[in-house]
file target.csv (CSV, C-alpha atoms and all ligand atoms)
chain,number,residue,atom,x,y,z
A,22,MET,CA,-120.0,-32.3,-27.0
A,23,ARG,CA,-119.9,-30.5,-30.3
A,24,GLU,CA,-122.0,-32.1,-33.1
A,25,LEU,CA,-119.1,-33.3,-35.3
A,26,GLU,CA,-116.6,-34.1,-32.5
A,27,ASN,CA,-114.3,-37.0,-33.4
A,28,ARG,CA,-115.4,-36.9,-37.1
A,29,VAL,CA,-112.8,-36.5,-39.8
A,30,ALA,CA,-113.6,-34.5,-43.0
A,31,VAL,CA,-112.0,-34.0,-46.4
A,32,VAL,CA,-112.9,-30.8,-48.3
A,33,THR,CA,-111.7,-30.3,-51.9
A,34,GLY,CA,-111.4,-26.7,-53.1
A,35,GLY,CA,-110.8,-25.8,-49.5
A,36,ALA,CA,-108.5,-22.9,-50.3
A,37,SER,CA,-111.3,-20.5,-51.3
A,38,GLY,CA,-115.0,-19.6,-51.3
A,39,ILE,CA,-117.5,-22.3,-50.4
A,40,GLY,CA,-114.8,-24.9,-49.6
A,41,ALA,CA,-112.9,-22.6,-47.2
A,42,SER,CA,-116.1,-21.5,-45.5
A,43,THR,CA,-117.4,-25.0,-45.1
A,44,ALA,CA,-114.1,-26.2,-43.7
A,45,LYS,CA,-114.1,-23.5,-41.1
A,46,ARG,CA,-117.7,-24.4,-40.1
A,47,LEU,CA,-117.0,-28.1,-39.9
A,48,ALA,CA,-114.0,-27.4,-37.7
A,49,GLU,CA,-116.2,-25.2,-35.4
A,50,MET,CA,-118.6,-28.1,-35.1
A,51,GLY,CA,-115.7,-30.3,-33.9
A,52,ALA,CA,-114.5,-32.1,-37.0
A,53,ALA,CA,-110.8,-32.5,-38.0
A,54,VAL,CA,-110.5,-31.2,-41.5
A,55,ALA,CA,-108.1,-31.9,-44.4
A,56,LEU,CA,-108.2,-29.1,-46.9
A,57,ALA,CA,-107.3,-30.3,-50.4
A,58,ASP,CA,-106.6,-27.9,-53.1
A,59,VAL,CA,-104.4,-27.3,-56.1
A,60,ASN,CA,-103.7,-24.0,-54.5
A,61,ALA,CA,-101.5,-25.3,-51.6
A,62,ARG,CA,-100.7,-21.9,-50.2
A,63,GLY,CA,-104.3,-20.9,-50.0
A,64,ALA,CA,-105.3,-24.2,-48.4
A,65,GLY,CA,-102.4,-23.7,-45.9
A,66,GLU,CA,-103.7,-20.2,-45.0
A,67,VAL,CA,-107.2,-21.5,-44.3
A,68,ALA,CA,-105.8,-24.4,-42.3
A,69,ALA,CA,-103.8,-21.9,-40.2
A,70,VAL,CA,-106.9,-19.8,-39.6
A,71,ILE,CA,-108.7,-22.9,-38.4
A,72,ARG,CA,-105.9,-23.9,-36.1
A,73,GLN,CA,-105.6,-20.4,-34.7
A,74,ALA,CA,-109.3,-20.6,-33.8
A,75,GLY,CA,-108.6,-23.9,-31.9
A,76,GLY,CA,-109.6,-26.3,-34.6
A,77,ASN,CA,-107.8,-29.2,-36.2
A,78,ALA,CA,-106.8,-28.8,-39.8
A,79,VAL,CA,-104.2,-29.8,-42.4
A,80,ALA,CA,-103.7,-28.6,-45.9
A,81,VAL,CA,-102.8,-31.1,-48.7
A,82,GLU,CA,-101.9,-30.2,-52.3
A,83,VAL,CA,-104.2,-32.1,-54.6
A,84,ASP,CA,-105.2,-31.8,-58.2
A,85,VAL,CA,-108.6,-33.5,-58.2
A,86,ARG,CA,-108.1,-34.4,-61.8
A,87,ARG,CA,-105.5,-36.9,-60.7
A,88,PRO,CA,-107.0,-40.1,-59.2
A,89,GLU,CA,-103.6,-41.1,-57.7
A,90,GLN,CA,-103.6,-37.7,-55.8
A,91,ASN,CA,-107.1,-38.3,-54.5
A,92,ALA,CA,-106.0,-41.8,-53.3
A,93,ALA,CA,-102.9,-40.4,-51.7
A,94,LEU,CA,-105.0,-37.7,-49.9
A,95,ILE,CA,-107.3,-40.4,-48.4
A,96,GLU,CA,-104.2,-42.5,-47.4
A,97,ARG,CA,-102.7,-39.5,-45.7
A,98,VAL,CA,-105.9,-38.6,-43.8
A,99,LEU,CA,-106.3,-42.2,-42.6
A,100,LYS,CA,-102.7,-42.3,-41.5
A,101,GLU,CA,-103.0,-39.0,-39.7
A,102,TYR,CA,-106.5,-39.3,-38.2
A,103,GLY,CA,-107.2,-43.0,-38.3
A,104,ARG,CA,-110.7,-42.6,-39.9
A,105,LEU,CA,-112.8,-40.7,-42.4
A,106,ASP,CA,-116.4,-39.7,-42.0
A,107,ILE,CA,-117.1,-36.8,-44.3
A,108,ALA,CA,-116.0,-36.1,-47.9
A,109,PHE,CA,-117.0,-32.8,-49.5
A,110,ALA,CA,-116.2,-32.9,-53.3
A,111,ASN,CA,-116.4,-29.2,-53.9
A,112,ALA,CA,-113.5,-28.2,-56.1
A,113,GLY,CA,-114.7,-26.8,-59.4
A,114,ILE,CA,-114.0,-24.2,-62.1
A,115,ALA,CA,-116.3,-21.8,-64.0
A,116,GLU,CA,-117.0,-21.1,-67.6
A,117,ALA,CA,-117.3,-17.6,-69.0
A,118,ALA,CA,-120.6,-17.2,-70.8
A,119,THR,CA,-119.8,-18.1,-74.4
A,120,PRO,CA,-121.7,-19.4,-77.4
A,121,LEU,CA,-121.0,-23.2,-77.7
A,122,GLU,CA,-119.2,-23.0,-81.0
A,123,GLU,CA,-116.6,-20.6,-79.4
A,124,VAL,CA,-115.9,-22.7,-76.3
A,125,PRO,CA,-112.3,-23.9,-76.6
A,126,GLU,CA,-111.8,-27.7,-76.6
A,127,GLU,CA,-109.2,-27.4,-73.8
A,128,LEU,CA,-111.8,-25.6,-71.6
A,129,ILE,CA,-114.4,-28.4,-72.3
A,130,ASP,CA,-111.8,-31.0,-71.2
A,131,GLN,CA,-110.9,-29.0,-68.1
A,132,LEU,CA,-114.5,-28.5,-67.0
A,133,LEU,CA,-115.3,-32.2,-67.5
A,134,SER,CA,-112.1,-33.4,-65.8
A,135,ILE,CA,-112.3,-31.1,-62.7
A,136,ASN,CA,-116.1,-30.6,-62.2
A,137,VAL,CA,-117.1,-34.2,-63.0
A,138,ARG,CA,-114.1,-36.5,-63.0
A,139,GLY,CA,-112.7,-34.8,-59.9
A,140,VAL,CA,-115.9,-35.6,-58.0
A,141,VAL,CA,-116.1,-39.2,-59.3
A,142,SER,CA,-112.4,-39.7,-58.5
A,143,LEU,CA,-112.8,-38.5,-54.9
A,144,ALA,CA,-115.8,-40.8,-54.4
A,145,LYS,CA,-113.8,-43.7,-55.7
A,146,ALA,CA,-111.0,-42.9,-53.4
A,147,VAL,CA,-113.2,-42.8,-50.3
A,148,ALA,CA,-115.5,-45.7,-51.2
A,149,PRO,CA,-113.6,-48.6,-49.6
A,150,THR,CA,-113.1,-46.8,-46.3
A,151,LEU,CA,-116.7,-45.6,-46.0
A,152,LYS,CA,-118.2,-48.9,-47.1
A,153,ASN,CA,-116.0,-51.0,-44.8
A,154,GLN,CA,-116.8,-48.9,-41.7
A,155,ARG,CA,-120.5,-48.9,-42.8
A,156,SER,CA,-120.9,-45.1,-42.1
A,157,GLY,CA,-120.0,-41.8,-43.7
A,158,VAL,CA,-121.3,-39.1,-45.9
A,159,PHE,CA,-120.2,-37.9,-49.3
A,160,VAL,CA,-121.5,-34.4,-50.4
A,161,ALA,CA,-120.7,-32.8,-53.8
A,162,THR,CA,-121.2,-29.2,-54.9
A,163,ALA,CA,-123.6,-29.2,-57.8
A,164,SER,CA,-125.3,-25.9,-58.9
A,165,THR,CA,-128.6,-24.5,-59.8
A,166,ALA,CA,-127.0,-24.5,-63.3
A,167,GLY,CA,-127.4,-28.3,-63.2
A,168,VAL,CA,-131.2,-28.0,-63.2
A,169,ARG,CA,-131.9,-24.4,-64.3
A,170,PRO,CA,-129.1,-23.4,-66.7
A,171,ARG,CA,-128.4,-19.9,-67.9
A,172,PRO,CA,-127.5,-19.1,-71.6
A,173,GLY,CA,-123.8,-19.4,-72.5
A,174,LEU,CA,-122.8,-21.7,-69.6
A,175,GLN,CA,-123.7,-24.9,-71.4
A,176,VAL,CA,-120.7,-27.0,-70.6
A,177,TYR,CA,-120.5,-25.9,-66.9
A,178,SER,CA,-124.3,-26.7,-66.6
A,179,ALA,CA,-123.7,-30.1,-68.1
A,180,THR,CA,-121.0,-30.8,-65.5
A,181,LYS,CA,-123.3,-29.9,-62.7
A,182,GLY,CA,-126.1,-32.0,-64.2
A,183,ALA,CA,-123.7,-34.9,-64.3
A,184,VAL,CA,-122.8,-34.4,-60.6
A,185,ILE,CA,-126.4,-34.5,-59.6
A,186,ALA,CA,-127.0,-37.8,-61.5
A,187,PHE,CA,-123.8,-39.2,-60.1
A,188,VAL,CA,-124.7,-38.5,-56.5
A,189,ARG,CA,-128.1,-40.0,-56.9
A,190,ALA,CA,-126.7,-43.1,-58.4
A,191,LEU,CA,-124.1,-43.3,-55.6
A,192,ALA,CA,-126.8,-42.9,-53.0
A,193,LEU,CA,-128.4,-46.1,-54.2
A,194,GLU,CA,-125.1,-48.0,-54.6
A,195,TRP,CA,-124.0,-47.1,-51.1
A,196,ALA,CA,-127.3,-47.3,-49.2
A,197,PRO,CA,-126.9,-51.0,-48.4
A,198,PHE,CA,-123.7,-50.0,-46.6
A,199,GLY,CA,-125.2,-47.2,-44.5
A,200,VAL,CA,-123.2,-44.6,-46.4
A,201,ARG,CA,-125.1,-41.5,-47.6
A,202,ALA,CA,-124.4,-39.3,-50.7
A,203,CYS,CA,-126.0,-35.9,-51.3
A,204,ALA,CA,-125.3,-32.6,-53.0
A,205,VAL,CA,-125.9,-29.0,-52.5
A,206,SER,CA,-127.0,-26.8,-55.4
A,207,PRO,CA,-125.9,-23.2,-54.7
A,208,VAL,CA,-127.3,-20.3,-56.7
A,209,ALA,CA,-124.8,-17.5,-57.7
A,210,THR,CA,-122.6,-17.2,-54.7
A,211,ASP,CA,-120.3,-14.3,-53.7
A,212,THR,CA,-116.9,-16.0,-54.1
A,213,PRO,CA,-113.9,-15.4,-56.3
A,214,MET,CA,-115.5,-17.7,-58.9
A,215,LEU,CA,-118.6,-15.5,-59.5
A,216,PRO,CA,-117.0,-12.9,-61.8
A,217,GLN,CA,-115.6,-15.7,-63.9
A,218,PHE,CA,-119.0,-16.5,-65.2
A,219,ARG,CA,-119.2,-13.1,-67.0
A,220,ALA,CA,-119.0,-13.1,-70.8
A,221,ALA,CA,-115.5,-13.1,-72.4
A,222,ALA,CA,-113.6,-9.8,-72.3
A,223,GLY,CA,-114.6,-7.3,-75.0
A,224,SER,CA,-118.2,-8.4,-75.3
A,225,ALA,CA,-121.1,-6.3,-74.2
A,226,SER,CA,-121.7,-8.2,-71.0
A,227,ALA,CA,-118.1,-8.6,-69.9
A,228,ASP,CA,-118.5,-6.2,-66.9
A,229,ALA,CA,-118.3,-8.2,-63.6
A,230,ASP,CA,-120.6,-5.9,-61.7
A,231,ALA,CA,-123.2,-6.1,-64.5
A,232,ILE,CA,-123.2,-9.9,-64.4
A,233,THR,CA,-123.4,-10.0,-60.7
A,234,GLU,CA,-126.4,-7.7,-60.7
A,235,SER,CA,-128.0,-9.8,-63.5
A,236,PHE,CA,-127.6,-12.9,-61.4
A,237,ARG,CA,-129.0,-11.2,-58.3
A,238,ARG,CA,-132.1,-10.1,-60.1
A,239,THR,CA,-133.0,-13.7,-60.9
A,240,VAL,CA,-132.9,-14.8,-57.2
A,241,PRO,CA,-136.4,-14.5,-55.6
A,242,LEU,CA,-134.9,-13.7,-52.2
A,243,GLY,CA,-133.2,-10.7,-53.9
A,244,ARG,CA,-129.5,-11.4,-53.0
A,245,LEU,CA,-126.6,-13.6,-54.0
A,246,ALA,CA,-125.7,-16.5,-51.7
A,247,GLN,CA,-122.8,-16.1,-49.3
A,248,ALA,CA,-120.3,-18.9,-48.9
A,249,GLU,CA,-121.6,-19.3,-45.3
A,250,ASP,CA,-125.1,-20.0,-46.6
A,251,ILE,CA,-123.8,-23.0,-48.5
A,252,ALA,CA,-121.5,-24.1,-45.6
A,253,GLU,CA,-124.6,-24.3,-43.3
A,254,ALA,CA,-126.4,-26.6,-45.8
A,255,VAL,CA,-123.4,-28.8,-46.2
A,256,CYS,CA,-122.9,-29.0,-42.4
A,257,PHE,CA,-126.5,-30.0,-42.0
A,258,LEU,CA,-126.3,-32.7,-44.7
A,259,VAL,CA,-123.2,-34.3,-43.1
A,260,SER,CA,-124.6,-34.2,-39.6
A,261,ASP,CA,-126.7,-36.9,-38.0
A,262,ARG,CA,-129.7,-34.6,-38.2
A,263,ALA,CA,-129.8,-35.5,-41.9
A,264,ARG,CA,-129.5,-39.3,-41.2
A,265,MET,CA,-132.6,-40.2,-43.3
A,266,MET,CA,-131.4,-38.1,-46.3
A,267,THR,CA,-129.6,-39.7,-49.2
A,268,GLY,CA,-129.6,-38.8,-52.9
A,269,THR,CA,-130.9,-35.4,-51.7
A,270,ILE,CA,-129.9,-32.5,-53.9
A,271,LEU,CA,-130.4,-29.6,-51.5
A,272,ASP,CA,-131.1,-26.3,-53.3
A,273,VAL,CA,-129.5,-23.3,-51.5
A,274,ASP,CA,-130.8,-20.9,-54.1
A,275,GLY,CA,-133.1,-18.2,-52.6
A,276,GLY,CA,-135.9,-19.7,-54.6
A,277,ARG,CA,-134.1,-19.6,-58.0
A,278,ASN,CA,-135.0,-23.2,-58.9
A,279,ILE,CA,-138.7,-22.7,-58.5
B,1,LIG,N1,-119.7,-19.2,-56.8
B,1,LIG,C1,-120.8,-19.6,-57.4
B,1,LIG,O1,-121.6,-18.8,-57.9
B,1,LIG,C2,-121.2,-21.0,-57.5
B,1,LIG,C3,-122.5,-21.4,-57.7
B,1,LIG,C4,-122.9,-22.7,-57.7
B,1,LIG,C5,-121.9,-23.7,-57.6
B,1,LIG,N2,-120.6,-23.3,-57.4
B,1,LIG,C6,-119.7,-24.4,-57.2
B,1,LIG,O2,-119.1,-24.3,-55.9
B,1,LIG,C7,-117.8,-24.9,-55.9
B,1,LIG,C8,-116.8,-24.0,-55.2
B,1,LIG,O3,-116.7,-22.8,-55.9
B,1,LIG,P1,-116.4,-21.4,-55.3
B,1,LIG,O4,-117.5,-20.5,-55.7
B,1,LIG,O5,-116.1,-21.6,-53.8
B,1,LIG,O6,-115.2,-21.0,-56.1
B,1,LIG,P2,-113.7,-20.6,-55.8
B,1,LIG,O7,-113.0,-20.3,-57.1
B,1,LIG,O8,-113.7,-19.6,-54.7
B,1,LIG,O9,-113.1,-22.0,-55.2
B,1,LIG,C9,-112.8,-23.1,-56.0
B,1,LIG,C10,-111.6,-23.8,-55.4
B,1,LIG,O10,-111.4,-25.0,-56.2
B,1,LIG,C11,-110.0,-25.1,-56.4
B,1,LIG,N3,-109.7,-25.9,-57.5
B,1,LIG,C12,-109.9,-25.6,-58.8
B,1,LIG,N4,-109.4,-26.6,-59.6
B,1,LIG,C13,-108.9,-27.5,-58.8
B,1,LIG,C14,-108.3,-28.8,-59.0
B,1,LIG,N5,-108.1,-29.3,-60.2
B,1,LIG,N6,-107.9,-29.5,-57.9
B,1,LIG,C15,-108.1,-29.1,-56.7
B,1,LIG,N7,-108.7,-27.9,-56.4
B,1,LIG,C16,-109.1,-27.1,-57.5
B,1,LIG,C17,-109.5,-23.7,-56.5
B,1,LIG,O11,-108.1,-23.6,-56.3
B,1,LIG,C18,-110.3,-23.0,-55.5
B,1,LIG,O12,-109.7,-22.9,-54.2
B,1,LIG,C19,-117.5,-25.2,-57.4
B,1,LIG,O13,-117.7,-26.6,-57.6
B,1,LIG,C20,-118.5,-24.4,-58.1
B,1,LIG,O14,-118.8,-24.9,-59.4
B,1,LIG,C21,-120.3,-22.0,-57.3
call {"tool": "encode", "arguments": {"input": "target.csv", "output": "C-alpha cells"}}
result
Amino acid sequence: MRELENRVAVVTGGASGIGASTAKRLAEMGAAVALADVNARGAGEVAAVIRQAGGNAVAVEVDVRRPEQNAALIERVLKEYGRLDIAFANAGIAEAATPLEEVPEELIDQLLSINVRGVVSLAKAVAPTLKNQRSGVFVATASTAGVRPRPGLQVYSATKGAVIAFVRALALEWAPFGVRACAVSPVATDTPMLPQFRAAAGSASADADAITESFRRTVPLGRLAQAEDIAEAVCFLVSDRARMMTGTILDVDGGRNI
C-alpha cells in the first residue's frame, strides 16, 4: 500500500510551482488531492495531469483571502471524499525588492491578506474537522525570508515571519487533539514567483537573471531549490514518519539559514 493511500489533501496555490509539484507528489503517494487556486484554469490543468497519471484530483477555484471560499472548499472536499487529513497552506505572492517608503499601500494589504490571512483562514476552515477526527496535519509554506530576510523584501519577510509564529502557536493549540502543524521554509526556488522578487523595472537590479544569480550565490549548496525539493519535505512532514514533529519549521534551504 502506498504511504498516503486513503488520505485526502487540500493544497492551496496548487496551480503552479511548489503547490503543483507537491500536489503531484501527494497523489503519487496515494492521496486524493484538491487543488485550490485563484487560477482555476491552471489548477484544472495540474489536476488533469494527476488524473492522467492514475491519481485522484479535483481543482477548485478559491481566493484564499476570502474566508467563505476556504470554508466552501473544505465543505466540498468533505462532501466529495468524506474526510480530510492534510492541508497545505501554500498560496502566496512575492514583493519586488523596494525601499519600504516606496512600497504601495495596496501591495502591503495584498501581501498581508494572501500570505498571512490566507493561511490563518485555511487553518480556521479545517480546524473543526481535524480536531473532531483527532488526526491530521496542517503545513504552511513559510520562507527563509521569515528568519533571514534580504534587503527590500521587508513586507514579504514579515508575512513569512508571521506564518512561522502562527504555525508554532497552532501546534500547541492543536496538540491535545493529536493534530500537527508544521511549516517548510524554502530558499529561493525555481518557480514562476522567483523573478518577481527582482527590483522594480528601471532600477539597476531589475534584471531577472541577475537576481536569480545573486540568490544562487547565497545558497551554500550552490543552487536554487527546485519545487520538487520542497514537495519532498512537505510529503515527509504530512506522512506518519513525521508523527513526533509538530511546530517544526523545516528549512529546505541548501544551508542558507545557517
Ligand atoms: N519561489 C520562491 O523562491 C519561494 C521561496 C520561499 C517561499 N516561497 C513560497 O512558496 C509558496 C508558493 O510559491 P511558488 O514559488 O510556488 O510561486 P508560484 O507563483 O509558482 O505559485 C503561487 C500560486 O499561488 C496562487 N495564488 C496567489 N494568490 C492566490 C490567492 N489569493 N488565492 C489562491 N491562490 C493564490 C497563484 O495563482 C499560484 O498558482 C508561496 O507562499 C511563496 O511565498 C517561494
call {"tool": "residues_near_ligand", "arguments": {"input": "target.csv", "ligand": "ligand LIG 1 (chain B)", "cutoff": "6 Å", "atoms": "all atoms listed in the file", "output": "mmCIF file with C-alpha atoms, keeping the file's coordinate frame"}}
result
data_model
loop_
_atom_site.group_PDB
_atom_site.id
_atom_site.type_symbol
_atom_site.label_atom_id
_atom_site.label_comp_id
_atom_site.auth_asym_id
_atom_site.auth_seq_id
_atom_site.Cartn_x
_atom_site.Cartn_y
_atom_site.Cartn_z
ATOM 1 C CA THR A 33 -111.700 -30.300 -51.900
ATOM 2 C CA GLY A 34 -111.400 -26.700 -53.100
ATOM 3 C CA GLY A 35 -110.800 -25.800 -49.500
ATOM 4 C CA ALA A 36 -108.500 -22.900 -50.300
ATOM 5 C CA SER A 37 -111.300 -20.500 -51.300
ATOM 6 C CA GLY A 38 -115.000 -19.600 -51.300
ATOM 7 C CA ILE A 39 -117.500 -22.300 -50.400
ATOM 8 C CA GLY A 40 -114.800 -24.900 -49.600
ATOM 9 C CA ASP A 58 -106.600 -27.900 -53.100
ATOM 10 C CA VAL A 59 -104.400 -27.300 -56.100
ATOM 11 C CA ASN A 60 -103.700 -24.000 -54.500
ATOM 12 C CA VAL A 83 -104.200 -32.100 -54.600
ATOM 13 C CA ASP A 84 -105.200 -31.800 -58.200
ATOM 14 C CA VAL A 85 -108.600 -33.500 -58.200
ATOM 15 C CA ARG A 86 -108.100 -34.400 -61.800
ATOM 16 C CA ASN A 111 -116.400 -29.200 -53.900
ATOM 17 C CA ALA A 112 -113.500 -28.200 -56.100
ATOM 18 C CA GLY A 113 -114.700 -26.800 -59.400
ATOM 19 C CA ILE A 114 -114.000 -24.200 -62.100
ATOM 20 C CA ILE A 135 -112.300 -31.100 -62.700
ATOM 21 C CA THR A 162 -121.200 -29.200 -54.900
ATOM 22 C CA ALA A 163 -123.600 -29.200 -57.800
ATOM 23 C CA SER A 164 -125.300 -25.900 -58.900
ATOM 24 C CA PRO A 207 -125.900 -23.200 -54.700
ATOM 25 C CA VAL A 208 -127.300 -20.300 -56.700
ATOM 26 C CA ALA A 209 -124.800 -17.500 -57.700
ATOM 27 C CA THR A 210 -122.600 -17.200 -54.700
ATOM 28 C CA ASP A 211 -120.300 -14.300 -53.700
ATOM 29 C CA THR A 212 -116.900 -16.000 -54.100
ATOM 30 C CA PRO A 213 -113.900 -15.400 -56.300
ATOM 31 C CA MET A 214 -115.500 -17.700 -58.900
ATOM 32 C CA LEU A 215 -118.600 -15.500 -59.500
#
call {"tool": "residues_near_point", "arguments": {"input": "target.csv", "point": "(-117.3, -37.0, -58.6)", "cutoff": "7 Å", "atoms": "all atoms listed in the file", "output": "JSON list (two decimals) with C-alpha atoms, in the frame of the given file"}}
result
[["chain", "number", "residue", "atom", "x", "y", "z"],
["A", 110, "ALA", "CA", -116.20, -32.90, -53.30],
["A", 137, "VAL", "CA", -117.10, -34.20, -63.00],
["A", 138, "ARG", "CA", -114.10, -36.50, -63.00],
["A", 139, "GLY", "CA", -112.70, -34.80, -59.90],
["A", 140, "VAL", "CA", -115.90, -35.60, -58.00],
["A", 141, "VAL", "CA", -116.10, -39.20, -59.30],
["A", 142, "SER", "CA", -112.40, -39.70, -58.50],
["A", 143, "LEU", "CA", -112.80, -38.50, -54.90],
["A", 144, "ALA", "CA", -115.80, -40.80, -54.40],
["A", 184, "VAL", "CA", -122.80, -34.40, -60.60]]
call {"tool": "closest_residue", "arguments": {"input": "target.csv", "among": "A:Thr150, A:Thr233, A:Gln175, A:Gln73", "to": "Ala246 in chain A", "atoms": "only C-alpha atoms"}}
result
A:Thr233
call {"tool": "residues_near_point", "arguments": {"input": "target.csv", "point": "(-128.1, -26.8, -49.7)", "cutoff": "7 Å", "atoms": "only C-alpha atoms", "output": "list of chain:residue names"}}
result
A:Val205, A:Ser206, A:Pro207, A:Ile251, A:Ala254, A:Val255, A:Leu271, A:Asp272, A:Val273
call {"tool": "residues_around", "arguments": {"input": "target.csv", "residues": "Glu26 in chain A", "least_positions_apart": "6", "cutoff": "10 Å", "atoms": "only C-alpha atoms", "output": "list of chain:residue names"}}
result
A:Leu47, A:Ala48, A:Glu49, A:Met50, A:Gly51, A:Ala52, A:Ala53
call {"tool": "residues_around", "arguments": {"input": "target.csv", "residues": "Phe159 in chain A", "least_positions_apart": "5", "cutoff": "8 Å", "atoms": "only C-alpha atoms", "output": "PyMOL selection string"}}
result
chain A and resi 107-110+144+200-203+259
call {"tool": "atom_distance", "arguments": {"input": "target.csv", "atom1": "CA of Leu133 in chain A", "atom2": "CA of Lys181 in chain A"}}
result
9.6 Å
call {"tool": "closest_residue", "arguments": {"input": "target.csv", "among": "A:Val160, A:Ala229, A:Val176, A:Val188", "to": "Glu123 in chain A", "atoms": "all atoms listed in the file"}}
result
A:Val176
call {"tool": "closest_residue", "arguments": {"input": "target.csv", "among": "A:Ile95, A:Met22, A:Pro170, A:Thr239", "to": "Ala57 in chain A", "atoms": "all atoms listed in the file"}}
result
A:Ile95
call {"tool": "atom_distance", "arguments": {"input": "target.csv", "atom1": "CA of Ala44 in chain A", "atom2": "CA of Gln154 in chain A"}}
result
22.9 Å
call {"tool": "residues_around", "arguments": {"input": "target.csv", "residues": "Arg219 in chain A", "least_positions_apart": "6", "cutoff": "10 Å", "atoms": "all atoms listed in the file", "output": "PyMOL selection string"}}
result
chain A and resi 115-119+173-174+226-233
call {"tool": "write_last_selection", "arguments": {"input": "target.csv", "atoms": "C-alpha atoms", "output": "short mmCIF file (atom, residue, chain, number, x, y, z; two decimals), keeping the file's coordinate frame"}}
result
data_model
loop_
_atom_site.label_atom_id
_atom_site.label_comp_id
_atom_site.auth_asym_id
_atom_site.auth_seq_id
_atom_site.Cartn_x
_atom_site.Cartn_y
_atom_site.Cartn_z
CA ALA A 115 -116.30 -21.80 -64.00
CA GLU A 116 -117.00 -21.10 -67.60
CA ALA A 117 -117.30 -17.60 -69.00
CA ALA A 118 -120.60 -17.20 -70.80
CA THR A 119 -119.80 -18.10 -74.40
CA GLY A 173 -123.80 -19.40 -72.50
CA LEU A 174 -122.80 -21.70 -69.60
CA SER A 226 -121.70 -8.20 -71.00
CA ALA A 227 -118.10 -8.60 -69.90
CA ASP A 228 -118.50 -6.20 -66.90
CA ALA A 229 -118.30 -8.20 -63.60
CA ASP A 230 -120.60 -5.90 -61.70
CA ALA A 231 -123.20 -6.10 -64.50
CA ILE A 232 -123.20 -9.90 -64.40
CA THR A 233 -123.40 -10.00 -60.70
#
call {"tool": "atom_distance", "arguments": {"input": "target.csv", "atom1": "CA of Lys152 in chain A", "atom2": "CA of Thr269 in chain A"}}
result
19.1 Å
call {"tool": "closest_residue", "arguments": {"input": "target.csv", "among": "A:Ser235, A:Asn278, A:Ser134, A:Ser260", "to": "Thr165 in chain A", "atoms": "all atoms listed in the file"}}
result
A:Asn278
call {"tool": "closest_residue", "arguments": {"input": "target.csv", "among": "A:Thr267, A:Ala161, A:Ala74, A:Phe218", "to": "Glu194 in chain A", "atoms": "only C-alpha atoms"}}
result
A:Thr267
call {"tool": "residues_around", "arguments": {"input": "target.csv", "residues": "Gly243 in chain A", "least_positions_apart": "3", "cutoff": "10 Å", "atoms": "all atoms listed in the file", "output": "list in words"}}
result
Phe236, Arg237, Arg238, Thr239, Val240, Ala246, Gly275, Gly276 and Arg277 of chain A
call {"tool": "write_last_selection", "arguments": {"input": "target.csv", "atoms": "C-alpha atoms", "output": "PDB file, in the coordinates of the input"}}
result
ATOM      1  CA  PHE A 236    -127.600 -12.900 -61.400  1.00  0.00           C
ATOM      2  CA  ARG A 237    -129.000 -11.200 -58.300  1.00  0.00           C
ATOM      3  CA  ARG A 238    -132.100 -10.100 -60.100  1.00  0.00           C
ATOM      4  CA  THR A 239    -133.000 -13.700 -60.900  1.00  0.00           C
ATOM      5  CA  VAL A 240    -132.900 -14.800 -57.200  1.00  0.00           C
ATOM      6  CA  ALA A 246    -125.700 -16.500 -51.700  1.00  0.00           C
ATOM      7  CA  GLY A 275    -133.100 -18.200 -52.600  1.00  0.00           C
ATOM      8  CA  GLY A 276    -135.900 -19.700 -54.600  1.00  0.00           C
ATOM      9  CA  ARG A 277    -134.100 -19.600 -58.000  1.00  0.00           C
TER      10      ARG A 277
END
call {"tool": "closest_residue", "arguments": {"input": "target.csv", "among": "A:Val81, A:Leu245, A:Ala204, A:Val158", "to": "Arg264 in chain A", "atoms": "only C-alpha atoms"}}
result
A:Val158
call {"tool": "build_atoms", "arguments": {"input": "target.csv", "residues": "range 231-238 of chain A", "atoms": "N, CA, C and O atoms", "output": "mmCIF file, in the frame of the given file"}}
result
data_model
loop_
_atom_site.group_PDB
_atom_site.id
_atom_site.type_symbol
_atom_site.label_atom_id
_atom_site.label_comp_id
_atom_site.auth_asym_id
_atom_site.auth_seq_id
_atom_site.Cartn_x
_atom_site.Cartn_y
_atom_site.Cartn_z
ATOM 1 N N ALA A 231 -121.979 -5.933 -63.721
ATOM 2 C CA ALA A 231 -123.200 -6.100 -64.500
ATOM 3 C C ALA A 231 -123.693 -7.572 -64.374
ATOM 4 O O ALA A 231 -124.887 -7.845 -64.174
ATOM 5 N N ILE A 232 -122.756 -8.517 -64.485
ATOM 6 C CA ILE A 232 -123.200 -9.900 -64.400
ATOM 7 C C ILE A 232 -123.647 -10.297 -63.048
ATOM 8 O O ILE A 232 -124.643 -10.992 -62.867
ATOM 9 N N THR A 233 -122.961 -9.748 -62.036
ATOM 10 C CA THR A 233 -123.400 -10.000 -60.700
ATOM 11 C C THR A 233 -124.793 -9.506 -60.423
ATOM 12 O O THR A 233 -125.640 -10.203 -59.851
ATOM 13 N N GLU A 234 -125.056 -8.313 -60.920
ATOM 14 C CA GLU A 234 -126.400 -7.700 -60.700
ATOM 15 C C GLU A 234 -127.430 -8.514 -61.524
ATOM 16 O O GLU A 234 -128.544 -8.738 -61.033
ATOM 17 N N SER A 235 -127.049 -8.999 -62.709
ATOM 18 C CA SER A 235 -128.000 -9.800 -63.500
ATOM 19 C C SER A 235 -128.346 -11.090 -62.799
ATOM 20 O O SER A 235 -129.482 -11.565 -62.839
ATOM 21 N N PHE A 236 -127.355 -11.687 -62.149
ATOM 22 C CA PHE A 236 -127.600 -12.900 -61.400
ATOM 23 C C PHE A 236 -128.539 -12.583 -60.183
ATOM 24 O O PHE A 236 -129.484 -13.293 -59.897
ATOM 25 N N ARG A 237 -128.205 -11.505 -59.482
ATOM 26 C CA ARG A 237 -129.000 -11.200 -58.300
ATOM 27 C C ARG A 237 -130.455 -10.980 -58.592
ATOM 28 O O ARG A 237 -131.316 -11.425 -57.840
ATOM 29 N N ARG A 238 -130.712 -10.357 -59.749
ATOM 30 C CA ARG A 238 -132.100 -10.100 -60.100
ATOM 31 C C ARG A 238 -132.923 -11.366 -60.321
ATOM 32 O O ARG A 238 -134.143 -11.341 -60.252
#
